[in-house]
Amino acid sequence: MPAPMAEVAGKTAFVTGGANGIGLGIATALVKAGANVVLADIREASLAEARKSLAADDRVDTVVLDVTDRTGFARAADAAEKRFGKVHMLIGNAGIGIGGQVSDATYDDWDWGMGVNFGGVVNGLVTFLPRIKAHGEGGQIVSTASKAALVPIPNASIYIAAKAAILGLSESIRSELAAFNIGVSAFCPGPVQSSISRSGELRPEKYQANSGYRAFEQRLSERPVSPLWMTMEEVGERVLAGIRRNDLYIITHPEFRDGTRRHFDAILAAFPDEPIDEARKEAIAFLLSNRVFDETLAKGAPDYKRR
Ligand SMILES: NC(=O)c1ccc[n+]([C@@H]2O[C@H](COP(=O)([O-])OP(=O)(O)OC[C@H]3O[C@@H](n4cnc5c(N)ncnc54)[C@H](O)[C@@H]3O)[C@@H](O)[C@H]2O)c1
């Protein structure tokens, strides 16, 4: 399908978690390309700084939003539409670093981690999808998953459950939304220089007393940011390129290709080596593939570095 947002100038993006890190990197690239951007974030002070850094006041707005707050999401969407008319791109990016051994995880850890990292994406989708469909100008739903969805590793169960859910969600809705000229991208970055190590300070009070992960969050807050990790500006440009191409997968780091191949090879190796039941195959034909894979394969590898 042709890319609905091949030209982003004059279009509007709503970026959750837009006040720092990757979200701000995406916003920076979009603003440079002529889009209007609404930054939505739980951190009010960071929003003010981010807005200043974008230096394009006529095309930038900010809104304080906790992505787990569904009524707040609807209010934020109303405000975005009041300011810019229509929202075309939803960048569901707000997220927290949450990790540790699964045996230490309590319900409160699961509820916070899934509530923000997956629930936030769902709340954005449910809020904005009818609005984007209604204006009929097409759009793009970009949701920030992670390389962790491609190469799941231990000690990150909640984080990976949420990110894998985003990947599956994006793959499932892509062909449905193509009918409305709305593209869908699962964005899977590798390590990026950001504020994610400070996630523990955002843990709501109600999830503090019974958490098994406070020690992890303390250690995470002391983790230095490596200069080898990608910058938010570079990542932002890659996401913009992925939006313009309407890529199903927006992947930043080639370093994760081999691990991803190994992952899928391991799954393929687990299939029973038995003859296919042709009658059964015919009866379940609609379950056996998804044309979005064929489309992606036909497009080939992107060149996100080309400007
Ligand atoms: N940095 C990485 O290496 C990396 C790698 C893969 C995926 N990611 C994902 O990228 C996304 C952005 O993370 P980042 O690394 O830029 O971190 P970051 O902390 O710099 O930015 C995340 C932003 O989300 C906001 N946020 C957190 N909880 C929120 C909530 N409940 N409601 C609204 N806003 C909230 C934070 O205030 C922050 O501004 C996350 O989804 C993260 O899981 C990051």
# chains A, B, ... in the order shown; residues from 1 in each chain; ligands from 1
call {"tool": "residues_near_ligand", "arguments": {"ligand": "ligand 1", "cutoff": "7 Å", "atoms": "only C-alpha atoms and all ligand atoms", "output": "ChimeraX atom specification"}}
result
/A:16-23,40-43,46,65-68,93-97,116-117,144-147,188-199,202
call {"tool": "select_by_dssp", "arguments": {"residues": "range 6-86 of chain A", "states": "strand (DSSP E or B)", "output": "list in words"}}
result
Thr12, Ala13, Phe14, Val15, Thr16, Asn36, Val37, Val38, Leu39, Ala40, Asp41, Val60, Asp61, Thr62, Val63 and Val64 of chain A
call {"tool": "write_last_selection", "arguments": {"atoms": "C-alpha atoms", "output": "PDB file, in the first residue's frame"}}
result
ATOM      1  CA  THR A  12      -0.136  16.578  13.075  1.00  0.00           C
ATOM      2  CA  ALA A  13       1.460  14.010  15.358  1.00  0.00           C
ATOM      3  CA  PHE A  14       0.554  13.202  18.961  1.00  0.00           C
ATOM      4  CA  VAL A  15       3.649  11.822  20.691  1.00  0.00           C
ATOM      5  CA  THR A  16       3.302  10.160  24.080  1.00  0.00           C
ATOM      6  CA  ASN A  36       2.782  19.916  13.905  1.00  0.00           C
ATOM      7  CA  VAL A  37       3.535  18.014  17.093  1.00  0.00           C
ATOM      8  CA  VAL A  38       1.733  17.602  20.393  1.00  0.00           C
ATOM      9  CA  LEU A  39       4.043  16.327  23.113  1.00  0.00           C
ATOM     10  CA  ALA A  40       2.169  14.394  25.805  1.00  0.00           C
ATOM     11  CA  ASP A  41       3.992  13.365  28.939  1.00  0.00           C
ATOM     12  CA  VAL A  60       4.307  22.553  18.917  1.00  0.00           C
ATOM     13  CA  ASP A  61       1.929  22.061  21.802  1.00  0.00           C
ATOM     14  CA  THR A  62       2.273  20.170  25.070  1.00  0.00           C
ATOM     15  CA  VAL A  63      -0.137  18.366  27.331  1.00  0.00           C
ATOM     16  CA  VAL A  64       0.389  16.734  30.703  1.00  0.00           C
TER      17      VAL A  64
END
call {"tool": "residues_around", "arguments": {"residues": "range 294-296 of chain A", "least_positions_apart": "3", "cutoff": "10 Å", "atoms": "only C-alpha atoms", "output": "PyMOL selection string"}}
result
chain A and resi 1+246-249+289-291+299-301
call {"tool": "residues_around", "arguments": {"residues": "Arg131 in chain A", "least_positions_apart": "4", "cutoff": "12 Å", "atoms": "only C-alpha atoms", "output": "list in words"}}
result
Ala74, Ala77, Asp78, Ala80, Glu81, Gly85, Lys86, Val87, His88, Met89, Leu90, Gly124, Leu125, Val126, Thr127, His135, Gly136, Glu137, Gly138, Gly139, Phe180 and Ile182 of chain A
call {"tool": "select_by_dssp", "arguments": {"residues": "range 127-210 of chain A", "states": "helix (DSSP H, G or I)", "output": "VMD selection string"}}
result
chain A and resid 127 to 135 147 to 149 157 to 178 196 to 202 205 to 207
call {"tool": "atom_distance", "arguments": {"atom1": "CA of Asn155 in chain A", "atom2": "CA of Gly259 in chain A"}}
result
17.1 Å
call {"tool": "atom_distance", "arguments": {"atom1": "CA of Tyr207 in chain A", "atom2": "CA of Gln101 in chain A"}}
result
17.4 Å
call {"tool": "closest_residue", "arguments": {"among": "A:Phe286, A:Phe216, A:Phe118, A:Trp112", "to": "Ala156 in chain A", "atoms": "only C-alpha atoms"}}
result
A:Phe216
call {"tool": "residues_around", "arguments": {"residues": "Ile250 in chain A", "least_positions_apart": "4", "cutoff": "8 Å", "atoms": "only C-alpha atoms", "output": "PDB file with N, CA and C atoms, in the first residue's frame"}}
result
ATOM      1  N   SER A 185       2.982   0.931  12.285  1.00  0.00           N
ATOM      2  CA  SER A 185       4.394   0.574  12.431  1.00  0.00           C
ATOM      3  C   SER A 185       4.680   0.134  13.865  1.00  0.00           C
ATOM      4  N   ALA A 186       5.397  -0.974  13.978  1.00  0.00           N
ATOM      5  CA  ALA A 186       5.925  -1.388  15.284  1.00  0.00           C
ATOM      6  C   ALA A 186       7.384  -0.958  15.294  1.00  0.00           C
ATOM      7  N   PHE A 187       7.693  -0.055  16.180  1.00  0.00           N
ATOM      8  CA  PHE A 187       9.034   0.525  16.232  1.00  0.00           C
ATOM      9  C   PHE A 187       9.853  -0.264  17.267  1.00  0.00           C
ATOM     10  N   CYS A 188      10.965  -0.829  16.827  1.00  0.00           N
ATOM     11  CA  CYS A 188      11.748  -1.724  17.684  1.00  0.00           C
ATOM     12  C   CYS A 188      13.184  -1.218  17.827  1.00  0.00           C
ATOM     13  N   PRO A 189      13.389  -0.215  18.687  1.00  0.00           N
ATOM     14  CA  PRO A 189      14.750   0.306  18.826  1.00  0.00           C
ATOM     15  C   PRO A 189      15.626  -0.589  19.689  1.00  0.00           C
ATOM     16  N   ARG A 238      15.238   8.078  11.938  1.00  0.00           N
ATOM     17  CA  ARG A 238      14.917   6.736  11.410  1.00  0.00           C
ATOM     18  C   ARG A 238      13.410   6.468  11.487  1.00  0.00           C
ATOM     19  N   VAL A 239      12.815   6.907  12.580  1.00  0.00           N
ATOM     20  CA  VAL A 239      11.363   6.709  12.695  1.00  0.00           C
ATOM     21  C   VAL A 239      10.638   7.531  11.629  1.00  0.00           C
ATOM     22  N   GLY A 242      10.821   5.713   8.506  1.00  0.00           N
ATOM     23  CA  GLY A 242       9.915   4.557   8.555  1.00  0.00           C
ATOM     24  C   GLY A 242       8.457   4.958   8.358  1.00  0.00           C
TER      25      GLY A 242
END
call {"tool": "atom_distance", "arguments": {"atom1": "CA of Lys305 in chain A", "atom2": "CA of Gly10 in chain A"}}
result
23.4 Å
